[in-house]
Amino acid sequence: MTSDDGLLGETAEDLFENAPCGYLTTRLDGTIVKVNRTFEAWTGFRRDELLAGRRFQDLLSPGGRIYYETHYAPLLQLQGSVREIAVDMIRADGSMLPALINSTQRSDDAGRPQVIRTTVFDATDRRRYEDELLRARQREQDIAQQLQRSMLSGTLAVAPGLEVDVAYRPAVSGLEVGGDWYDAFWLDDGETVGLVVGDVVGRGIGAAATMGQLRSAVRALASTGLGPGPLLDALDEYSRRHDIGQMTTLVYAQLSLGSRRLRFACAGHPPPVIVRPGEEPCFVWEGRSRPLDTFMAGAQPRGEAERPLAPGSAVLLYTDGLVERRSRPLQEGMDLLLAEVAAHRDDAPATLTTAVVRALRDSEHADDVCLLAARLGA
Amino acid sequence: MTVLKRNNVVEHGPRHAQPMVFAHGFGCDQNMWRHVWPAFDQDYRVVLFDQVGAGASDASAFDPSRYASLHGYAEDILEICRELDLSDVVFVGHSVSAMIGALAAAEEPERFARLVLVGPSPRYIDDDEYAGGFTREDIEGLLGSMDSNYLGWSGAMAPVIMGNEDRPELGEELTNSFCRADPEIAGHFARVTFLSDNRADLPRVPTPSLVLQCSQDVIAPEAVGEYVHRQLPDSRLVYLEASGHCPNLSAPEETVAAIKAFLAT
């Protein structure tokens, strides 16, 4: 005999009635046949009210009732049990009891389900915390989107004899913003436009901030008069020194309106497309080098290339989201890009970019898509 | 990606028999039919599939603009029929997929022989004279309760499907492993489903149809089933004793018997 006997002697009835959770038994259609005292106390319904033909789902909010019928009941019938389903129960006084419910079907000897046993846990605090988490996640998305928008805003360079337009489509799947960016700005000589399209690794606020830093750095470096290759080297150095934007890819091009020449360099980025009047659109594969900050000691200076352009020519810069799909080889995506550009070659940049992005962007939308087009006047 | 992979199409029964296509509704996957289709695979070519975003479908095929209305889902059904070259189809649709099938039949009536509509509703929200059973606030509440449930289930776990799990007695080992869905797509599907209004499409469905009406179905109440029956040009209404919204799970024998009686006429 120990002094615990008084406690150990508690009855099964007491364990049921005063369990630290609501406890109820229902028929398969939800009709309540047994409830414990805790459930009565939490819901404010008296036992005789609950046992007068009321169904468990009748105690749920209307939305919860739909959830019950479309998710909870099927799961229970398929699995024989369900765990941790969040519902809102309506108390006798009309107030809401956020709850988590677990249920098990009880079967007879032949394995035919007879009744459902359900435990109900008060989840008021947990639900409050979850709401905070949801709000925090929403807030973070809003901040990242705002950050991205503010960085990509600002007018693109335009002038008589130059049209620039961009189609930018954030990824649909996933909640976070990506790290694609673009820019078009005048260089100090007043007749050359700097064009940039880049892709930062990662997503969310971090990627948006990195993208903003690199975008500013490109503008600052461009104003010192660096050509495309040296500019990418300097940006590489910046990236390395400040530990920003490792593995970022970008293409930087200088389009001179006076001499109608395009100088460009690609750091691990998909090649630009050039469209000359009367010729098929083509990729330009020169001026290529590794992505930023790839820790290649003693690497050669980055190269660049130059192409003459005829009046009316267009240059297209884009991110890999435009051509890469899990469901098809990269080459196919790139062929498709050339075909679509060819089909819209005479359109204004705004029409061209929209049409090409619409044609290439399929239902996956797993990545951001950015396409910038600049066309010289004819 | 092929249509068959996109919708995780699964076939049973003789290839050259009359096709019988089963479509699950919002909230579950083709497992909904696991107690029903085995009653038909002797005499019919049984075709099961998962709606995009549900079950073992390819969630990456989800396109919010394609699925902005039920017509996108109806198009999926027609694509499956075309891919398998099905005609003279018996279509069995549960819940929202009853309406999706009706839309498909209105679009390509020559493809369908019969429609079996289990718990159909052309509109869930009350509207003047029409009693759909819910208010707009109710539906917002549903979307809220989905959010909190998916938070509990964790996004990483949610798309994991055990589509070929056919031993429900093992259920206790698995936590809510059936009827997994991509949370964002499920939320979108809920919105499209419960805000839909396809009342005007019903008179456009020439196919002979069976409306199966459960008792005490909060999602598709009797008045709604009767409305569907009145609006369809050629339909018969059968009241089931089964209560709730999923007679295919809770009363498969009664459901099978009603379908067989209809197909025998």
# chains A, B, ... in the order shown; residues from 1 in each chain; ligands from 1
$ select_by_dssp --residues "range 11-166 of chain B" --states "helix (DSSP H, G or I)" --output "ChimeraX atom specification"
/B:30-33,37-39,59-61,70-83,96-107,109-111,136-153
$ residues_around --residues "Val115 in chain A" --least-positions-apart "2" --cutoff "12 Å" --atoms "only C-alpha atoms" --output "PDB file with N, CA and C atoms, in the first residue's frame"
ATOM      1  N   LEU A  24     -15.937  12.383 -27.534  1.00  0.00           N
ATOM      2  CA  LEU A  24     -17.288  12.025 -27.915  1.00  0.00           C
ATOM      3  C   LEU A  24     -17.309  10.828 -28.852  1.00  0.00           C
ATOM      4  N   THR A  25     -18.420  10.137 -28.813  1.00  0.00           N
ATOM      5  CA  THR A  25     -18.636   9.000 -29.699  1.00  0.00           C
ATOM      6  C   THR A  25     -19.827   9.335 -30.572  1.00  0.00           C
ATOM      7  N   THR A  26     -19.684   9.065 -31.865  1.00  0.00           N
ATOM      8  CA  THR A  26     -20.792   9.344 -32.778  1.00  0.00           C
ATOM      9  C   THR A  26     -21.055   8.108 -33.631  1.00  0.00           C
ATOM     10  N   ARG A  27     -22.253   8.096 -34.226  1.00  0.00           N
ATOM     11  CA  ARG A  27     -22.502   7.099 -35.257  1.00  0.00           C
ATOM     12  C   ARG A  27     -21.719   7.497 -36.500  1.00  0.00           C
ATOM     13  N   LEU A  28     -21.730   6.616 -37.500  1.00  0.00           N
ATOM     14  CA  LEU A  28     -20.952   6.893 -38.703  1.00  0.00           C
ATOM     15  C   LEU A  28     -21.431   8.160 -39.414  1.00  0.00           C
ATOM     16  N   ASP A  29     -22.715   8.479 -39.252  1.00  0.00           N
ATOM     17  CA  ASP A  29     -23.211   9.693 -39.905  1.00  0.00           C
ATOM     18  C   ASP A  29     -22.972  10.937 -39.056  1.00  0.00           C
ATOM     19  N   GLY A  30     -22.280  10.789 -37.930  1.00  0.00           N
ATOM     20  CA  GLY A  30     -21.937  11.947 -37.112  1.00  0.00           C
ATOM     21  C   GLY A  30     -22.861  12.172 -35.929  1.00  0.00           C
ATOM     22  N   THR A  31     -23.987  11.440 -35.860  1.00  0.00           N
ATOM     23  CA  THR A  31     -24.930  11.622 -34.753  1.00  0.00           C
ATOM     24  C   THR A  31     -24.249  11.295 -33.415  1.00  0.00           C
ATOM     25  N   ILE A  32     -24.324  12.241 -32.498  1.00  0.00           N
ATOM     26  CA  ILE A  32     -23.605  12.090 -31.233  1.00  0.00           C
ATOM     27  C   ILE A  32     -24.344  11.113 -30.325  1.00  0.00           C
ATOM     28  N   VAL A  33     -23.618  10.114 -29.796  1.00  0.00           N
ATOM     29  CA  VAL A  33     -24.250   9.166 -28.883  1.00  0.00           C
ATOM     30  C   VAL A  33     -23.643   9.236 -27.486  1.00  0.00           C
ATOM     31  N   LYS A  34     -22.490   9.823 -27.348  1.00  0.00           N
ATOM     32  CA  LYS A  34     -21.867   9.901 -26.031  1.00  0.00           C
ATOM     33  C   LYS A  34     -20.890  11.080 -25.996  1.00  0.00           C
ATOM     34  N   LEU A  76     -11.399   9.763 -43.032  1.00  0.00           N
ATOM     35  CA  LEU A  76     -11.729   8.833 -41.960  1.00  0.00           C
ATOM     36  C   LEU A  76     -12.193   7.500 -42.548  1.00  0.00           C
ATOM     37  N   GLN A  77     -13.006   7.590 -43.606  1.00  0.00           N
ATOM     38  CA  GLN A  77     -13.508   6.357 -44.214  1.00  0.00           C
ATOM     39  C   GLN A  77     -12.411   5.594 -44.953  1.00  0.00           C
ATOM     40  N   GLY A  80      -9.582   4.967 -41.700  1.00  0.00           N
ATOM     41  CA  GLY A  80     -10.022   4.470 -40.399  1.00  0.00           C
ATOM     42  C   GLY A  80      -9.688   5.417 -39.274  1.00  0.00           C
ATOM     43  N   SER A  81      -8.876   6.422 -39.539  1.00  0.00           N
ATOM     44  CA  SER A  81      -8.556   7.414 -38.504  1.00  0.00           C
ATOM     45  C   SER A  81      -8.101   8.706 -39.169  1.00  0.00           C
ATOM     46  N   SER A 103      -9.810  11.490 -34.786  1.00  0.00           N
ATOM     47  CA  SER A 103     -10.909  10.531 -34.764  1.00  0.00           C
ATOM     48  C   SER A 103     -10.431   9.145 -35.156  1.00  0.00           C
ATOM     49  N   THR A 104     -11.111   8.145 -34.598  1.00  0.00           N
ATOM     50  CA  THR A 104     -10.840   6.752 -34.950  1.00  0.00           C
ATOM     51  C   THR A 104     -12.171   6.050 -35.156  1.00  0.00           C
ATOM     52  N   GLN A 105     -12.242   5.235 -36.212  1.00  0.00           N
ATOM     53  CA  GLN A 105     -13.441   4.421 -36.381  1.00  0.00           C
ATOM     54  C   GLN A 105     -13.298   3.161 -35.542  1.00  0.00           C
ATOM     55  N   ARG A 106     -14.383   2.803 -34.868  1.00  0.00           N
ATOM     56  CA  ARG A 106     -14.384   1.585 -34.059  1.00  0.00           C
ATOM     57  C   ARG A 106     -15.199   0.544 -34.824  1.00  0.00           C
ATOM     58  N   SER A 107     -14.592  -0.599 -35.125  1.00  0.00           N
ATOM     59  CA  SER A 107     -15.286  -1.595 -35.940  1.00  0.00           C
ATOM     60  C   SER A 107     -15.723  -2.797 -35.112  1.00  0.00           C
ATOM     61  N   ASP A 108     -16.704  -3.538 -35.639  1.00  0.00           N
ATOM     62  CA  ASP A 108     -17.115  -4.779 -34.969  1.00  0.00           C
ATOM     63  C   ASP A 108     -16.143  -5.904 -35.339  1.00  0.00           C
ATOM     64  N   GLY A 111     -15.069  -6.385 -38.783  1.00  0.00           N
ATOM     65  CA  GLY A 111     -14.335  -5.291 -39.407  1.00  0.00           C
ATOM     66  C   GLY A 111     -15.217  -4.206 -39.988  1.00  0.00           C
ATOM     67  N   ARG A 112     -16.517  -4.269 -39.702  1.00  0.00           N
ATOM     68  CA  ARG A 112     -17.410  -3.224 -40.214  1.00  0.00           C
ATOM     69  C   ARG A 112     -17.433  -2.069 -39.234  1.00  0.00           C
ATOM     70  N   PRO A 113     -17.145  -0.872 -39.679  1.00  0.00           N
ATOM     71  CA  PRO A 113     -17.121   0.286 -38.786  1.00  0.00           C
ATOM     72  C   PRO A 113     -18.476   0.479 -38.110  1.00  0.00           C
ATOM     73  N   ARG A 117     -14.929   7.502 -32.661  1.00  0.00           N
ATOM     74  CA  ARG A 117     -14.525   8.154 -31.417  1.00  0.00           C
ATOM     75  C   ARG A 117     -13.677   9.373 -31.761  1.00  0.00           C
ATOM     76  N   THR A 118     -14.026  10.469 -31.139  1.00  0.00           N
ATOM     77  CA  THR A 118     -13.329  11.713 -31.466  1.00  0.00           C
ATOM     78  C   THR A 118     -12.848  12.402 -30.201  1.00  0.00           C
TER      79      THR A 118
END
$ interface_residues --of "chain A" --to "chain B" --cutoff "10 Å" --atoms "only C-alpha atoms" --output "count of residues only"
54
$ closest_residue --among "B:Pro120, B:Arg114, B:Arg6, B:Pro14" --to "Ala264 in chain B" --atoms "only C-alpha atoms"
B:Arg114
$ closest_residue --among "B:Leu78, B:Val3, B:Val211, B:Leu103" --to "Ser57 in chain B" --atoms "only C-alpha atoms"
B:Val3
$ select_by_dssp --residues "range 119-284 of chain A" --states "strand (DSSP E)" --output "JSON, numbers by chain"
{"A": [119, 120, 121, 122, 162, 163, 164, 165, 166, 167, 168, 169, 180, 181, 182, 183, 184, 185, 186, 192, 193, 194, 195, 196, 197, 198, 199, 249, 250, 251, 252, 253, 254, 255, 256, 261, 262, 263, 264, 265, 266, 267, 273, 274, 275, 282, 283]}
$ residues_around --residues "Gly13 in chain B" --least-positions-apart "2" --cutoff "10 Å" --atoms "only C-alpha atoms" --output "ChimeraX atom specification"
/B:11,15-20,37-38,40-47
$ write_last_selection --atoms "C-alpha atoms" --output "JSON list (two decimals), in the first residue's frame"
[["chain", "number", "residue", "atom", "x", "y", "z"],
["B", 11, "GLU", "CA", -7.39, 2.08, -66.17],
["B", 15, "ARG", "CA", -9.98, -2.24, -73.23],
["B", 16, "HIS", "CA", -12.73, -2.50, -75.79],
["B", 17, "ALA", "CA", -15.67, -2.35, -73.41],
["B", 18, "GLN", "CA", -17.79, 0.77, -73.02],
["B", 19, "PRO", "CA", -15.71, 3.36, -71.16],
["B", 20, "MET", "CA", -16.74, 4.49, -67.69],
["B", 37, "TRP", "CA", -15.21, 0.98, -59.57],
["B", 38, "PRO", "CA", -14.51, -2.70, -58.74],
["B", 40, "PHE", "CA", -17.88, -2.22, -62.93],
["B", 41, "ASP", "CA", -14.56, -3.41, -64.27],
["B", 42, "GLN", "CA", -16.03, -6.69, -65.53],
["B", 43, "ASP", "CA", -18.29, -4.95, -67.99],
["B", 44, "TYR", "CA", -16.72, -1.55, -68.53],
["B", 45, "ARG", "CA", -13.38, 0.00, -69.36],
["B", 46, "VAL", "CA", -12.91, 1.84, -66.06],
["B", 47, "VAL", "CA", -10.94, 5.10, -66.27]]
$ residues_around --residues "Glu340 in chain A" --least-positions-apart "4" --cutoff "7 Å" --atoms "only C-alpha atoms" --output "PyMOL selection string"
chain A and resi 336+344+356
$ write_last_selection --atoms "N, CA and C atoms" --output "CSV table (one decimal), in the first residue's frame"
chain,number,residue,atom,x,y,z
A,336,LEU,N,12.8,27.4,-79.9
A,336,LEU,CA,11.5,28.0,-79.8
A,336,LEU,C,11.6,29.5,-79.7
A,344,HIS,N,7.8,37.5,-84.6
A,344,HIS,CA,7.4,38.8,-84.2
A,344,HIS,C,8.5,39.8,-84.5
A,356,VAL,N,6.4,37.0,-77.2
A,356,VAL,CA,7.4,35.9,-77.0
A,356,VAL,C,7.3,35.3,-75.6
$ closest_residue --among "B:Leu117, B:Arg111, B:Asn198, B:Tyr124" --to "Leu70 in chain B" --atoms "only C-alpha atoms"
B:Asn198
$ atom_distance --atom1 "CA of Arg375 in chain A" --atom2 "CA of Pro281 in chain A"
13.1 Å
$ atom_distance --atom1 "CA of Asp93 in chain A" --atom2 "CA of Tyr23 in chain A"
20.0 Å
